[in-house]
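Undergrad: The structure is given below, and queries will be raised subsequently.
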Amino acid sequence: MVDNRFFVNHGPFTLAQIVEWSGCTLLGDSNPTIALEDVAPLDRAELSHLSFFDNPKYLDQFAVSKAGACFVKSKFAGNAPASMAVLLTEDPYRCYALIAQRFYPRKHPEARIAPGAIIAHSAKIGEGCCIDPGVVIGENVEIGKNSIICANTVIAEGVKIGESCQIGACSTISHSIIGNRVILHRGVNIGQDGFGYAMGRAGHVKVPQLGRVIIEDDVEIGSGSCIDRGTGPDTCIGAGSKIDNLVQIGHNVQIGKACIIVAQVGIAGSTRIGDGAVLGGQVGVAGHLKIGAGSKLAAQSGVMQDIPAGTAVGGSPAVPVKDWHRQTLALARLAKSRNSSGE
Amino acid sequence: MVDNRFFVNHGPFTLAQIVEWSGCTLLGDSNPTIALEDVAPLDRAELSHLSFFDNPKYLDQFAVSKAGACFVKSKFAGNAPASMAVLLTEDPYRCYALIAQRFYPRKHPEARIAPGAIIAHSAKIGEGCCIDPGVVIGENVEIGKNSIICANTVIAEGVKIGESCQIGACSTISHSIIGNRVILHRGVNIGQDGFGYAMGRAGHVKVPQLGRVIIEDDVEIGSGSCIDRGTGPDTCIGAGSKIDNLVQIGHNVQIGKACIIVAQVGIAGSTRIGDGAVLGGQVGVAGHLKIGAGSKLAAQSGVMQDIPAGTAVGGSPAVPVKDWHRQTLALARLAKSRNSSGE
Amino acid sequence: MVDNRFFVNHGPFTLAQIVEWSGCTLLGDSNPTIALEDVAPLDRAELSHLSFFDNPKYLDQFAVSKAGACFVKSKFAGNAPASMAVLLTEDPYRCYALIAQRFYPRKHPEARIAPGAIIAHSAKIGEGCCIDPGVVIGENVEIGKNSIICANTVIAEGVKIGESCQIGACSTISHSIIGNRVILHRGVNIGQDGFGYAMGRAGHVKVPQLGRVIIEDDVEIGSGSCIDRGTGPDTCIGAGSKIDNLVQIGHNVQIGKACIIVAQVGIAGSTRIGDGAVLGGQVGVAGHLKIGAGSKLAAQSGVMQDIPAGTAVGGSPAVPVKDWHRQTLALARLAKSRNSSGE
């Protein structure tokens with residue numbers, strides 16, 4: 001169902017393989033040697049396709065889906081059509097993601113250093129790396145095994161990049177230590193000077209930014225995002241955190257592990273974001289704050305105070321999400337009552 | 001009046017030519033062989049210049065302008081100074097734009113493939129294309145006639161680009177099918193993975209993004225903007241839509257025809273924007289919404305619900321624009337009354 | 001204390017040198033030949049380090065700091081520990097910045113034109129410039145002495161850049177005149193067409209953008225920021241203004257001298273920002289406005305009206321900052337009272 005100009009299907013895979021790789025359980029007496037050829041959403045799947053059912057909103061689609069096999073929670077298994085092999089799991093979307101990765105694994109291009117790449121003599125490039133044309137790599141850079149550096153990206157002196165990383169095209173990296181399996185998309189800018197000045201009427205004096213950017217394992221960073229290096233302390237992105245496009249992260253910011261930061265968020269200097277926090281699109285967080293672990297910041301929130309762990313907030317200035325909804329409602333009523341009273 | 005370091009004037013043009021190209025009507029007995037040498041705003045125009053008068057706010061400027069000729073609506077023609085040739089049209093700004101394009105046409109550089117460009121053997125480059133130095137073009141890419149690919153841009157395997165396109169410098173394109181006469185400015189990133197994960201405490205699992213980006217004819221996309229490819233469905237930008245700088249468009253988003261999307265807008269995944277919608281700067285639109293045709297979203301709006309066709313909204317969360325103004329007013333009064341009562 | 005993979009310490013420096021370069025006064029009988037080896041914050045400084053104390057919040061840290069010398073205001077000098085050489089100044093952070101620049105001066109790479117750079121024959125490159133690999137420079141470009149153009153940056157025909165500038169990697173510049181000592185970070189896009197169309201049902205007609213971008217001396221522009229060229233008038237950035245990452249500046253905007261514009265701000269076309277204005281992160285300013293000198297726009301403000309000089313505003317739509325706080329408070333109370341009354 002995908003465009004094979006761009007994607008190569010590595011299937012088919014048998015139910016037995018799918019069970020093994022996803023950790024699910026095959027319900028009833030379906031034949032584990034049945035092979036599935038592709039993944040597809042419930043409403044477009046055919047008998048040769050694997051699908052998943054996670055959001056109860058789509059129960060109707062599930063009940064009539066033609067998918068040959070489907071990941072589903074046990075409580076909905078009874079709703080499956082007769083033709084469907086039922087793959088039981090309490091996390092259908094996760095299982096689907098794991099198997100979709102088998103069907104369409106991230107391509108690893110052949111190891112090579114392209115003729116058009118310019119690499120300093122003192123740089124160390126690990127085995128299995130693919131360095132595309134136009135890449136410029138400075139002195140003393142170290143890149144681990146099997147990493148891919150896409151075309152026209154610039155990596156300045158001293159940067160360390162781990163194994164199995166993918167650095168997208170037209171990105172720039174300086175003053176950074178990057179872990180393993182990190183993905184940077186395209187046009188990402190990492191390690192530039194933070195925005196630090198001693199301001200004054202006689203002109204703003206630039207304060208040297210003497211820290212680094214530390215990016216831990218399994219981080220993903222979207223296109224066009226910018227992460228400034230620290231002033232002396234480092235700017236740190238915790239393991240497994242996922243950052244969307246066009247996000248701005250200021251100097252000395254510390255982002256915990258497994259955070260989700262949606263597009264166009266801005267985080268000002270020295271703020272700490274706890275593990276597992278979720279920041280919606282276009283959120284702004286002021287500097288020097290502590291955002292607790294597991295907190296959720298609704299899209300476009302403007303955060304000006306510390307947020308306790310596990311708290312959901314919204315609005316600008318941001319307040320607990322219940323208060324935000326109450327305020328929205330109260331204001332709508334106030335405006336309506338004034339209007340109806342002729343004001 | 002322009003800096004000829006950067007712009008080459010292709011005039012002069014006669015009134016007859018201007019009438020023909022713009023579709024306007026020459027009022028009275030002005031001599032159609034009179035030649036105009038340049039375009040200029042009302043207050044700076046001289047006798048050799050062509051100008052336009054559209055916004056009634058500038059009626060005073062119009063009445064004393066020294067412009068030799070001017071596009072004007074018929075109802076204001078009587079206000080023209082005696083020295084001015086009057087060009088009647090109900091769309092003066094549009095006529096001006098068409099003629100300004102004649103004076104200052106977009107340069108088409110000589111067809112060439114620059115020595116520093118790196119192009120895969122299987123790529124097909126149409127006649128009349130200009131491929132600048134540092135461009136990297138992957139396997140099976142197809143580029144139509146007379147397209148320009150500016151320096152250091154990276155086009156990944158399989159991408160199709162139509163005729164007479166202009167792709168700005170330092171851009172990246174993958175997984176995309178692009179129509180004719182499309183303009184991408186600089187540092188544009190098209191086709192990267194959407195932001196899709198099966199989230200969980202044991203880590204967020206990346207969901208393969210198996211769709212494409214489809215960009216129809218006559219679309220323009222501003223510098224630094226990002227358009228993610230779809231998850232399986234495609235991300236689509238309708239014909240004639242104009243997108244400003246630093247805009248984020250998520251996976252599966254569908255933008256209709258002739259939309260206007262101002263700088264720093266963010267549109268979350270799977271949202272559909274109807275034909276002719278106008279989104280002001282820094283607007284945020286949540287995912288899975290339907291924004292009706294011809295709707296207008298005021299700058300900084302935060303849209304969390306479907307918007308019916310033809311509706312103007314503002315605020316965050318966005319409400320109909322009248323309600324938004326009422327709310328703003330009601331809140332200002334409330335704060336003032338509380339304050340004056342000593343609270 | 002810094003990572004010497006990335007930073008080279010040019011010290012040590014004596015107290016006498018530090019006094020001379022910063023313009024401060026050495027209190028008491030400290031020996032001016034004492035040498036300091038590095039800079040460090042109060043809480044991490046040791047006897048060989050220079051620090052500063054500016055924010056009274058950190059008085060406790062100051063009183064027990066082990067720093068060998070410290071910039072401090074005279075009124076706090078009495079709180080200094082006995083081991084510390086006291087450097088009196090009314091601007092400790094500024095003095096610190098000046099001396100930190102001595103310890104860690106911006107590197108100037110060796111003058112060279114790298115083999116991989118592609119430079120038009122008619123371009124004039126000043127003495128002492130460093131042009132990195134992958135840079136593409138068009139016809140009639142002029143670059144002043146001692147400027148650095150980092151890798152894969154593209155400078156289009158006719159652009160003028162002054163002396164001692166630093167243009168970051170993967171940037172693009174066209175239609176621009178740039179002063180001396182200007183810093184552009186990475187992925188900056190300067191001089192593209194402004195977002196100008198004669199809109200209409202039959203399609204939006206592109207209006208040629210015939211102005212330039214003028215950037216005065218000592219301006220700094222953050223990564224990913226975009227500055228559109230003017231429509232006929234120019235877009236201008238005044239001397240000494242500092243612009244953070246991912247900022248959007250529309251056509252014809254005029255920014256005064258020594259302004260501070262924090263990340264992700266958007267300024268719409270033809271707006272004028274007065275000298276010394278400070279715009280917080282994610283601020284949006286509508287077009288054709290006049291923002292007075294010395295005004296302060298709180299983060300996320302949405303400015304829809306002129307702002308008088310020296311005024312602080314906040315909120316969206318923005319109001320004077322006192323009114324904004326009152327509105328925030330009034331709304332919180334209103335929501336609470338409605339809620340407690342059972343509505």
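By convention in this document, the chains of the structure tokens carry letters A, B, ... by their order, each chain's residues are numbered from 1, and ligands are numbered from 1 in the order they are shown.
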Using only C-alpha atoms, find each residue in segment 64-146 of chain B having at least one atom no more than 12 Å away from segment 210-226 of chain C; report its shortest atom-to-atom pair and that distance in Å (one decimal), rows by chain then rising number, as JSON lines.
TA:
```
{"residue": "B:Ala97", "atom": "CA", "partner": "C:Leu210", "partner_atom": "CA", "distance": 11.7}
{"residue": "B:Ala100", "atom": "CA", "partner": "C:Leu210", "partner_atom": "CA", "distance": 9.4}
{"residue": "B:Gln101", "atom": "CA", "partner": "C:Leu210", "partner_atom": "CA", "distance": 10.4}
{"residue": "B:Phe103", "atom": "CA", "partner": "C:Leu210", "partner_atom": "CA", "distance": 10.5}
{"residue": "B:Tyr104", "atom": "CA", "partner": "C:Leu210", "partner_atom": "CA", "distance": 8.2}
{"residue": "B:Pro105", "atom": "CA", "partner": "C:Leu210", "partner_atom": "CA", "distance": 10.8}
{"residue": "B:Arg106", "atom": "CA", "partner": "C:Leu210", "partner_atom": "CA", "distance": 11.1}
```
Undergrad: Just to be explicit: take each residue in the selection above, keep N, CA, C and O atoms, and write the result as a CSV table (one decimal), in the first residue's frame.
TA:
```csv
chain,number,residue,atom,x,y,z
B,97,ALA,N,0.9,44.1,-9.1
B,97,ALA,CA,1.8,42.9,-8.9
B,97,ALA,C,2.2,42.3,-10.3
B,97,ALA,O,3.3,42.0,-10.5
B,100,ALA,N,4.6,44.7,-12.0
B,100,ALA,CA,5.9,44.7,-11.3
B,100,ALA,C,6.7,43.4,-11.6
B,100,ALA,O,7.9,43.4,-11.7
B,101,GLN,N,6.0,42.3,-11.8
B,101,GLN,CA,6.7,41.1,-12.2
B,101,GLN,C,7.3,41.2,-13.6
B,101,GLN,O,8.3,40.6,-13.9
B,103,PHE,N,8.5,44.2,-14.8
B,103,PHE,CA,9.7,45.0,-14.6
B,103,PHE,C,10.8,44.2,-14.0
B,103,PHE,O,12.0,44.4,-14.3
B,104,TYR,N,10.4,43.4,-13.0
B,104,TYR,CA,11.4,42.7,-12.2
B,104,TYR,C,11.1,41.2,-12.2
B,104,TYR,O,10.7,40.6,-11.2
B,105,PRO,N,11.3,40.5,-13.4
B,105,PRO,CA,10.9,39.1,-13.4
B,105,PRO,C,12.0,38.3,-12.6
B,105,PRO,O,13.1,38.7,-12.4
B,106,ARG,N,11.5,37.2,-12.0
B,106,ARG,CA,12.4,36.3,-11.3
B,106,ARG,C,13.5,35.9,-12.3
B,106,ARG,O,13.2,35.5,-13.4
```
Undergrad: Select residues of chain A: the criterion is any atom within 8 Å of an atom of chain B, counting only C-alpha atoms; output as a PyMOL selection string.
TA: chain A and resi 2-3+5-7+93-94+97-98+100-101+104-105+133-134+151-152+169-170+185-187+223-224+240+244-246+258+263-264+281-282+300+315+328+331-332+334-336+338-339
Undergrad: Can you pull out every residue from segment 18-226 of chain B that DSSP, working from the backbone, puts in alpha helix (DSSP H), and format the result as a ChimeraX atom specification?
TA: /B:18-22,59-64,92-103
Undergrad: Deliver the residues from the most recent selection as a file, using C-alpha atoms, as a compact mmCIF listing (two decimals), in the first residue's frame.
TA:
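Heads up, here's the output in again_11.txt:
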```txt
# COMPACT_ATOMS: atom_id res chain seq x y z
CA ILE B 18 0.71 47.68 -19.32
CA VAL B 19 -2.96 47.72 -20.31
CA GLU B 20 -2.56 44.50 -22.25
CA TRP B 21 -0.66 42.60 -19.55
CA SER B 22 -2.80 43.73 -16.63
CA LEU B 59 -6.35 58.93 -0.80
CA ASP B 60 -4.46 62.10 0.12
CA GLN B 61 -1.22 60.66 -1.22
CA PHE B 62 -3.00 59.61 -4.39
CA ALA B 63 -4.47 63.05 -5.00
CA VAL B 64 -1.02 64.69 -5.05
CA PRO B 92 -5.32 47.75 -8.46
CA TYR B 93 -2.90 45.78 -6.26
CA ARG B 94 -3.23 42.67 -8.40
CA CYS B 95 -2.58 44.69 -11.57
CA TYR B 96 0.41 46.32 -9.92
CA ALA B 97 1.79 42.91 -8.92
CA LEU B 98 1.45 41.61 -12.49
CA ILE B 99 3.27 44.58 -13.99
CA ALA B 100 5.92 44.69 -11.26
CA GLN B 101 6.66 41.08 -12.24
CA ARG B 102 7.27 42.34 -15.81
CA PHE B 103 9.67 45.03 -14.62
```
Undergrad: Need to verify the contact set: Ala35 of chain A, 7 Å, only C-alpha atoms, exclusion of same-chain residues closer than 2 positions in sequence. Can you return it as number ranges by chain?
TA: A: 12-15, 33, 37
Undergrad: Between atom CA of Ala298 of chain A and atom CA of Val278 of chain C, what is the spacing in Å?
TA: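 Spanning atom CA of Val278 of chain C to atom CA of Ala298 of chain A is a straight-line distance of 26.5 Å.
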Undergrad: Which is closer to Cys236 of chain C than all the others in C:Ser51, C:Asn252, C:Asn79, C:Ser337, using only C-alpha atoms?
TA: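 Selected residue with least distance to Cys236 of chain C: C:Asn252.
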Undergrad: Which polymer residues have any atom within 9 Å of an atom of Gly126 of chain A, counting only C-alpha atoms, with same-chain residues fewer than 4 positions away left out, as a ChimeraX atom specification?
TA: /A:142-147,163
Undergrad: Create the file for the chosen residues now, containing all heavy atoms and written as a PDB file, in the first residue's frame.
TA:
```
ATOM      1  N   GLU A 142      34.986  12.543  16.831  1.00  0.00           N
ATOM      2  CA  GLU A 142      34.924  11.082  16.927  1.00  0.00           C
ATOM      3  C   GLU A 142      33.501  10.631  16.634  1.00  0.00           C
ATOM      4  O   GLU A 142      32.562  11.107  17.272  1.00  0.00           O
ATOM      5  CB  GLU A 142      35.302  10.616  18.331  1.00  0.00           C
ATOM      6  CG  GLU A 142      36.733  10.947  18.699  1.00  0.00           C
ATOM      7  CD  GLU A 142      37.037  10.572  20.154  1.00  0.00           C
ATOM      8  OE1 GLU A 142      36.762   9.426  20.546  1.00  0.00           O
ATOM      9  OE2 GLU A 142      37.504  11.456  20.892  1.00  0.00           O
ATOM     10  N   ILE A 143      33.363   9.697  15.713  1.00  0.00           N
ATOM     11  CA  ILE A 143      32.035   9.171  15.368  1.00  0.00           C
ATOM     12  C   ILE A 143      32.063   7.656  15.525  1.00  0.00           C
ATOM     13  O   ILE A 143      32.944   6.984  14.981  1.00  0.00           O
ATOM     14  CB  ILE A 143      31.648   9.564  13.930  1.00  0.00           C
ATOM     15  CG1 ILE A 143      31.614  11.093  13.815  1.00  0.00           C
ATOM     16  CG2 ILE A 143      30.298   8.963  13.542  1.00  0.00           C
ATOM     17  CD1 ILE A 143      31.236  11.625  12.454  1.00  0.00           C
ATOM     18  N   GLY A 144      31.090   7.126  16.285  1.00  0.00           N
ATOM     19  CA  GLY A 144      31.053   5.691  16.566  1.00  0.00           C
ATOM     20  C   GLY A 144      30.635   4.862  15.362  1.00  0.00           C
ATOM     21  O   GLY A 144      30.254   5.396  14.313  1.00  0.00           O
ATOM     22  N   LYS A 145      30.628   3.558  15.560  1.00  0.00           N
ATOM     23  CA  LYS A 145      30.325   2.595  14.492  1.00  0.00           C
ATOM     24  C   LYS A 145      28.927   2.808  13.903  1.00  0.00           C
ATOM     25  O   LYS A 145      27.976   3.128  14.624  1.00  0.00           O
ATOM     26  CB  LYS A 145      30.367   1.167  15.050  1.00  0.00           C
ATOM     27  CG  LYS A 145      31.749   0.664  15.319  1.00  0.00           C
ATOM     28  CD  LYS A 145      31.720  -0.821  15.692  1.00  0.00           C
ATOM     29  CE  LYS A 145      30.938  -1.057  16.978  1.00  0.00           C
ATOM     30  NZ  LYS A 145      31.019  -2.462  17.440  1.00  0.00           N
ATOM     31  N   ASN A 146      28.812   2.550  12.616  1.00  0.00           N
ATOM     32  CA  ASN A 146      27.511   2.438  11.948  1.00  0.00           C
ATOM     33  C   ASN A 146      26.655   3.701  12.002  1.00  0.00           C
ATOM     34  O   ASN A 146      25.430   3.629  11.890  1.00  0.00           O
ATOM     35  CB  ASN A 146      26.709   1.260  12.532  1.00  0.00           C
ATOM     36  CG  ASN A 146      27.439  -0.054  12.347  1.00  0.00           C
ATOM     37  OD1 ASN A 146      28.011  -0.293  11.286  1.00  0.00           O
ATOM     38  ND2 ASN A 146      27.463  -0.884  13.371  1.00  0.00           N
ATOM     39  N   SER A 147      27.267   4.827  12.197  1.00  0.00           N
ATOM     40  CA  SER A 147      26.498   6.075  12.165  1.00  0.00           C
ATOM     41  C   SER A 147      26.435   6.615  10.736  1.00  0.00           C
ATOM     42  O   SER A 147      27.297   6.332   9.912  1.00  0.00           O
ATOM     43  CB  SER A 147      27.117   7.104  13.112  1.00  0.00           C
ATOM     44  OG  SER A 147      26.790   6.771  14.451  1.00  0.00           O
ATOM     45  N   GLU A 163      27.432   5.462  18.521  1.00  0.00           N
ATOM     46  CA  GLU A 163      27.195   4.441  17.505  1.00  0.00           C
ATOM     47  C   GLU A 163      25.759   4.508  16.989  1.00  0.00           C
ATOM     48  O   GLU A 163      24.834   4.885  17.710  1.00  0.00           O
ATOM     49  CB  GLU A 163      27.428   3.060  18.115  1.00  0.00           C
ATOM     50  CG  GLU A 163      28.853   2.889  18.603  1.00  0.00           C
ATOM     51  CD  GLU A 163      29.106   1.510  19.189  1.00  0.00           C
ATOM     52  OE1 GLU A 163      28.188   0.661  19.132  1.00  0.00           O
ATOM     53  OE2 GLU A 163      30.214   1.289  19.698  1.00  0.00           O
TER      54      GLU A 163
END
```
Undergrad: Using atom CA of Lys322 of chain A and atom CA of Ser241 of chain A as the two end points, give the distance in Å to one decimal.
TA: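 For atom CA of Lys322 of chain A relative to atom CA of Ser241 of chain A, the distance reads 26.9 Å.
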